[in-house]
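Engineer: Please find one structure pasted underneath; my questions will follow.
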Amino acid sequence: MASNEQQLSLFKQGINWALPSLLSDDSAPGMQLYDRSFLVAIVGLMCFGFVMVMSASMPEATKLTGDPFHFMYRHIFYLIGCIAIAFVVLKFDVSYWEKNSGMLMLGVLVLLIAVLFIGTSVNGAKRWLSVDPIRIQVAEMAKFIFIVYMAGYLVRRHGELRENRKGFIKPICVYGLFALLILLQPDLGTVVVLFVCTVSLLFLAGARIIDFMALILLGVVTFVLLVLFEPYRMRRVTSFMDPWEDPFGSGYQLTQSLMAYGRGDWFGQGLGNSIQKLAYLPEAHTDFIFAVIGEELGFVGIIMVLLALFFVAIRAIRLGNLCLKMQRPFESYVAYGVGIWVCFQTVVNVGASIGMLPTKGLTLPFISYGGSSLWVMTAAVMLLVRIDYERRLSLVQAVQGRTS
């Protein structure tokens with residue numbers, strides 16, 4: 001009984017309710033108060049990402065700064081930030097996120113507007129707010145907060161959504177505002193991710209099929225128009241269809257990526273032995289890190305990475321199912337949204353690097369170099385850990401209530 005009481009006080013006694021308590025093993029017999037396999041998969045992917053970022057970034061770091069470990073040191077800083085973010089997110093009850101979802105959404109909208117005026121421009125795109133030495137990509141925050149906002153809205157307006165068009169149009173208007181501000185940066189990849197998450201959550205919430213199909217059609221038409229009327233996007237689409245037509249121009253990045261996969265074969269060239277990362281493959285430690293994984297670890301290596309990433313996505317969706325059965329709709333929608341986000345972003349990143357999809361500039365979750373993506377993904381999955389903790393805790397309390 002003392003062990004149970006100690007677990008029931010989790011998240012309520014100073015620093016003891018943070019990450020160390022969550023990782024402790026003194027839960028009730030037969031009941032873990034967190035998903036150990038989910039947490040191990042997340043930490044494993046981050047550790048693997050650190051190794052691959054170190055391997056893939058050394059040539060670029062030497063070229064840019066003269067220090068081969070420049071990006072490695074920064075990635076260590078990002079990982080330390082992940083620990084701090086985990087402590088903060090695990091501190092708050094899930095009800096805090098539900099109650100404040102609207103305010104969080106407004107806060108991100110203000111930041112999206114601010115980045116257009118005072119943001120830092122890199123390669124012609126103004127996507128970052130800089131507070132030395134930290135540079136935050138606000139669009140990454142928008143993905144997470146928009147999922148939280150959508151979950152809160154779907155709980156509050158569930159009946160209205162299912163019964164009339166007004167309830168369906170409201171979240172679409174909010175999405176449209178997010179999309180417009182992000183496109184001005186410009187960042188079409190994030191807009192596509194947000195669209196997929198929005199459509200998926202509306203479908204799961206039971207939106208009317210006519211509204212749902214109209215939204216899909218509108219999204220496809222808008223995407224086609226955005227590509228047709230922006231020359232650089234059109235070049236990306238045409239080059240991905242046949243990169244060898246211009247292997248030293250618009251198709252250069254993809255052809256180098258495909259060569260990396262070709263060299264990897266079944267078991268790879270060995271960790272650190274990639275040739276393509278030696279100034280041949282652009283963005284080797286960010287958008288195209290999966291190609292370096294393929295070259296160094298081969299087909300077996302990339303399959304293992306994909307299995308780990310899809311395990312995380314599936315566990316998130318499974319958590320959504322469990323929460324739905326317990327009449328916890330907000331938690332369910334958040335879990336579904338994060339699972340779909342991780343899965344879709346993985347598919348787009350991998351698809352772009354193997355030539356199945358146009359290059360969209362989306363990172364590989366938990367693995368690619370980049371503080372904003374890593375920090376926001378950490379916040380998202382730690383919220384899932386907290387959701388699962390509260391779900392399991394309610395089961396323990398229910399059992400204790402029946403036995404007392």
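Naming works like this for the structure tokens: A, B, ... for the chains as they're shown, residue 1 at the start of each chain, ligands 1 onward in shown order.
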Could you list, as a PyMOL selection string, every residue within 12 Å of A:Val40, counting only C-alpha atoms and ignoring same-chain residues fewer than 4 positions away?
Structural biologist: chain A and resi 23+34-36+44-48+308-309+311-312+381+385
Engineer: Can I get the selected residues back with all heavy atoms, as a compact mmCIF listing (two decimals), in the first residue's frame?
Structural biologist:
```
# COMPACT_ATOMS: atom_id res chain seq x y z
N LEU A 23 10.29 7.46 -14.13
CA LEU A 23 11.11 6.34 -14.54
C LEU A 23 11.32 5.33 -13.43
O LEU A 23 11.98 4.32 -13.63
CB LEU A 23 12.48 6.85 -15.03
CG LEU A 23 12.44 7.73 -16.26
CD1 LEU A 23 13.84 8.25 -16.58
CD2 LEU A 23 11.89 6.98 -17.45
N TYR A 34 3.54 4.20 -16.69
CA TYR A 34 3.98 4.85 -17.92
C TYR A 34 4.29 3.75 -18.92
O TYR A 34 4.47 2.59 -18.55
CB TYR A 34 5.20 5.74 -17.70
CG TYR A 34 6.46 4.96 -17.35
CD1 TYR A 34 7.41 4.67 -18.32
CD2 TYR A 34 6.69 4.51 -16.05
CE1 TYR A 34 8.55 3.94 -18.01
CE2 TYR A 34 7.83 3.79 -15.73
CZ TYR A 34 8.75 3.51 -16.72
OH TYR A 34 9.88 2.80 -16.41
N ASP A 35 4.33 4.11 -20.20
CA ASP A 35 4.60 3.16 -21.27
C ASP A 35 6.12 3.07 -21.46
O ASP A 35 6.72 3.90 -22.14
CB ASP A 35 3.91 3.62 -22.56
CG ASP A 35 3.97 2.56 -23.65
OD1 ASP A 35 4.86 1.69 -23.59
OD2 ASP A 35 3.15 2.62 -24.58
N ARG A 36 6.71 2.06 -20.84
CA ARG A 36 8.17 1.95 -20.85
C ARG A 36 8.72 1.77 -22.26
O ARG A 36 9.71 2.40 -22.64
CB ARG A 36 8.60 0.77 -19.97
CG ARG A 36 10.11 0.57 -19.89
CD ARG A 36 10.45 -0.58 -18.97
NE ARG A 36 9.99 -0.33 -17.62
CZ ARG A 36 10.04 -1.24 -16.64
NH1 ARG A 36 10.50 -2.46 -16.89
NH2 ARG A 36 9.61 -0.94 -15.43
N GLY A 44 15.90 6.03 -27.48
CA GLY A 44 16.77 5.33 -28.42
C GLY A 44 16.91 6.07 -29.74
O GLY A 44 18.01 6.18 -30.29
N LEU A 45 15.80 6.60 -30.26
CA LEU A 45 15.85 7.36 -31.51
C LEU A 45 16.68 8.62 -31.35
O LEU A 45 17.45 9.00 -32.24
CB LEU A 45 14.43 7.71 -31.96
CG LEU A 45 13.63 6.59 -32.60
CD1 LEU A 45 12.16 6.97 -32.74
CD2 LEU A 45 14.21 6.23 -33.97
N MET A 46 16.55 9.29 -30.21
CA MET A 46 17.33 10.51 -29.98
C MET A 46 18.83 10.19 -29.89
O MET A 46 19.66 10.93 -30.44
CB MET A 46 16.87 11.20 -28.70
CG MET A 46 15.52 11.87 -28.82
SD MET A 46 15.08 12.73 -27.29
CE MET A 46 13.52 13.49 -27.76
N CYS A 47 19.17 9.12 -29.19
CA CYS A 47 20.59 8.73 -29.08
C CYS A 47 21.14 8.34 -30.45
O CYS A 47 22.26 8.71 -30.81
CB CYS A 47 20.74 7.58 -28.09
SG CYS A 47 20.37 8.02 -26.38
N PHE A 48 20.36 7.58 -31.20
CA PHE A 48 20.78 7.21 -32.55
C PHE A 48 20.92 8.44 -33.43
O PHE A 48 21.87 8.56 -34.21
CB PHE A 48 19.75 6.25 -33.16
CG PHE A 48 20.05 5.88 -34.58
CD1 PHE A 48 21.05 4.98 -34.89
CD2 PHE A 48 19.31 6.45 -35.62
CE1 PHE A 48 21.32 4.64 -36.22
CE2 PHE A 48 19.58 6.12 -36.94
CZ PHE A 48 20.59 5.22 -37.24
N ALA A 308 11.30 1.59 -35.69
CA ALA A 308 11.26 2.34 -34.43
C ALA A 308 10.34 3.56 -34.54
O ALA A 308 9.55 3.84 -33.63
CB ALA A 308 12.67 2.78 -34.04
N LEU A 309 10.43 4.29 -35.66
CA LEU A 309 9.59 5.48 -35.85
C LEU A 309 8.11 5.11 -35.95
O LEU A 309 7.25 5.77 -35.33
CB LEU A 309 10.03 6.24 -37.09
CG LEU A 309 11.33 7.04 -36.95
CD1 LEU A 309 11.86 7.46 -38.31
CD2 LEU A 309 11.08 8.27 -36.07
N PHE A 311 6.77 2.43 -34.75
CA PHE A 311 6.37 1.93 -33.44
C PHE A 311 5.88 3.08 -32.57
O PHE A 311 4.85 2.98 -31.89
CB PHE A 311 7.54 1.21 -32.76
CG PHE A 311 7.27 0.83 -31.33
CD1 PHE A 311 6.55 -0.31 -31.04
CD2 PHE A 311 7.74 1.61 -30.28
CE1 PHE A 311 6.29 -0.67 -29.73
CE2 PHE A 311 7.49 1.26 -28.96
CZ PHE A 311 6.76 0.12 -28.69
N VAL A 312 6.62 4.20 -32.60
CA VAL A 312 6.21 5.38 -31.83
C VAL A 312 4.85 5.88 -32.30
O VAL A 312 3.96 6.18 -31.50
CB VAL A 312 7.27 6.49 -31.96
CG1 VAL A 312 6.77 7.81 -31.36
CG2 VAL A 312 8.57 6.08 -31.27
N VAL A 381 5.64 14.26 -27.45
CA VAL A 381 5.63 12.89 -26.94
C VAL A 381 5.60 12.86 -25.41
O VAL A 381 5.05 11.92 -24.82
CB VAL A 381 6.83 12.07 -27.49
CG1 VAL A 381 6.70 11.89 -28.99
CG2 VAL A 381 8.16 12.70 -27.14
N VAL A 385 3.15 10.88 -22.84
CA VAL A 385 3.54 10.13 -21.64
C VAL A 385 2.68 10.57 -20.45
O VAL A 385 2.22 9.75 -19.65
CB VAL A 385 5.04 10.33 -21.35
CG1 VAL A 385 5.41 9.72 -19.99
CG2 VAL A 385 5.89 9.69 -22.44
```
Engineer: So which residues touch A:Tyr153 within 12 Å, counting only C-alpha atoms, skipping near sequence neighbours fewer than 5 positions away, as a PyMOL selection string?
Structural biologist: chain A and resi 97-102+105+146-148+158-161+167-172+174+198+201-202+205+329-330+333-334
Engineer: If you run DSSP on the backbone here, which positions in stretch 84-233 of chain A get alpha helix (DSSP H)? Please write them as JSON, numbers by chain.
Structural biologist: {"A": [84, 85, 86, 87, 88, 89, 90, 91, 94, 95, 96, 97, 98, 99, 101, 102, 103, 104, 105, 106, 107, 108, 109, 110, 111, 112, 113, 114, 115, 116, 117, 118, 138, 139, 140, 141, 142, 143, 144, 145, 146, 147, 148, 149, 150, 151, 152, 153, 154, 155, 156, 158, 159, 160, 161, 162, 163, 165, 166, 167, 168, 169, 170, 171, 172, 173, 174, 175, 176, 177, 178, 179, 180, 181, 182, 183, 188, 189, 190, 191, 192, 193, 194, 195, 196, 197, 198, 199, 200, 201, 202, 203, 204, 209, 210, 211, 212, 213, 214, 215, 216, 217, 218, 219, 220, 221, 222, 223, 224, 225, 226, 227, 228, 231, 232, 233]}
Engineer: Using Å and a single decimal, report how far atom CA of A:Pro186 sits from atom CA of A:Phe117.
Structural biologist: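 About the pair atom CA of A:Phe117 and atom CA of A:Pro186: they are 13.3 Å apart.
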Engineer: Please build the interface table for stretch 169-216 of chain A against stretch 358-380 of chain A with a cut-off of 10 Å, listing for each qualifying residue the nearest atom pair and the distance in Å to one decimal; count only C-alpha atoms, order rows by chain and increasing number, and write it as a tab-separated table.
Structural biologist:
```
residue	atom	partner	partner_atom	distance
A:Asp187	CA	A:Gly361	CA	8.4
A:Leu188	CA	A:Lys360	CA	7.3
A:Gly189	CA	A:Lys360	CA	5.1
A:Thr190	CA	A:Leu362	CA	7.6
A:Val192	CA	A:Lys360	CA	9.3
A:Val193	CA	A:Leu362	CA	9.3
```
Engineer: Using only C-alpha atoms, which protein or nucleic acid residues come within 8 Å of stretch 292-296 of chain A? Drop anything in the same chain fewer than 6 positions from it, and give the result as a VMD selection string.
Structural biologist: chain A and resid 52 56 260 to 265 267 to 274 276 to 277 284 302
Engineer: Just the residues within 10 Å of A:Pro282, please, counting only C-alpha atoms, with nothing from its chain fewer than 4 positions along; format it as a list in words.
Structural biologist: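 Those residues are Glu60, Tyr252, Gln253, Leu254, Gln256, Ser257, Gln276, Lys277, Leu278, Thr286, Asp287, Phe288 and Ile289 of chain A.
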Engineer: Take the residues just selected and output them with C-alpha atoms as an mmCIF file, in the first residue's frame.
Structural biologist:
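Output file out-v4.cif is given in full below:
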```
data_model
loop_
_atom_site.group_PDB
_atom_site.id
_atom_site.type_symbol
_atom_site.label_atom_id
_atom_site.label_comp_id
_atom_site.auth_asym_id
_atom_site.auth_seq_id
_atom_site.Cartn_x
_atom_site.Cartn_y
_atom_site.Cartn_z
ATOM 1 C CA GLU A 60 30.042 20.353 -43.381
ATOM 2 C CA TYR A 252 21.398 17.298 -57.929
ATOM 3 C CA GLN A 253 20.228 16.729 -54.340
ATOM 4 C CA LEU A 254 18.060 13.746 -55.186
ATOM 5 C CA GLN A 256 23.265 12.319 -54.726
ATOM 6 C CA SER A 257 20.781 10.868 -52.245
ATOM 7 C CA GLN A 276 28.174 11.311 -50.171
ATOM 8 C CA LYS A 277 28.323 13.383 -46.982
ATOM 9 C CA LEU A 278 31.774 14.636 -48.032
ATOM 10 C CA THR A 286 19.207 17.660 -41.664
ATOM 11 C CA ASP A 287 16.670 16.897 -44.407
ATOM 12 C CA PHE A 288 18.693 14.107 -46.048
ATOM 13 C CA ILE A 289 20.128 12.365 -43.001
#
```
Engineer: Looking at only C-alpha atoms, which of A:Leu307, A:Val224, A:Leu218, A:Val53 is the one that sits closest to A:Glu283?
Structural biologist: A:Val53
Engineer: List the spatial neighbours of A:Met141 as a ChimeraX atom specification - criterion: any atom at most 8 Å away, only C-alpha atoms, same-chain residues fewer than 2 positions off excluded.
Structural biologist: /A:108,137-139,143-145,372,376
Engineer: Between atom CA of A:Tyr389 and atom CA of A:Leu33, what is the spacing in Å?
Structural biologist: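 These atoms are spaced 5.2 Å apart.
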Engineer: Provide the atom CA of A:Tyr336 to atom CA of A:Ile317 distance in Å, to one decimal place.
Structural biologist: 5.0 Å
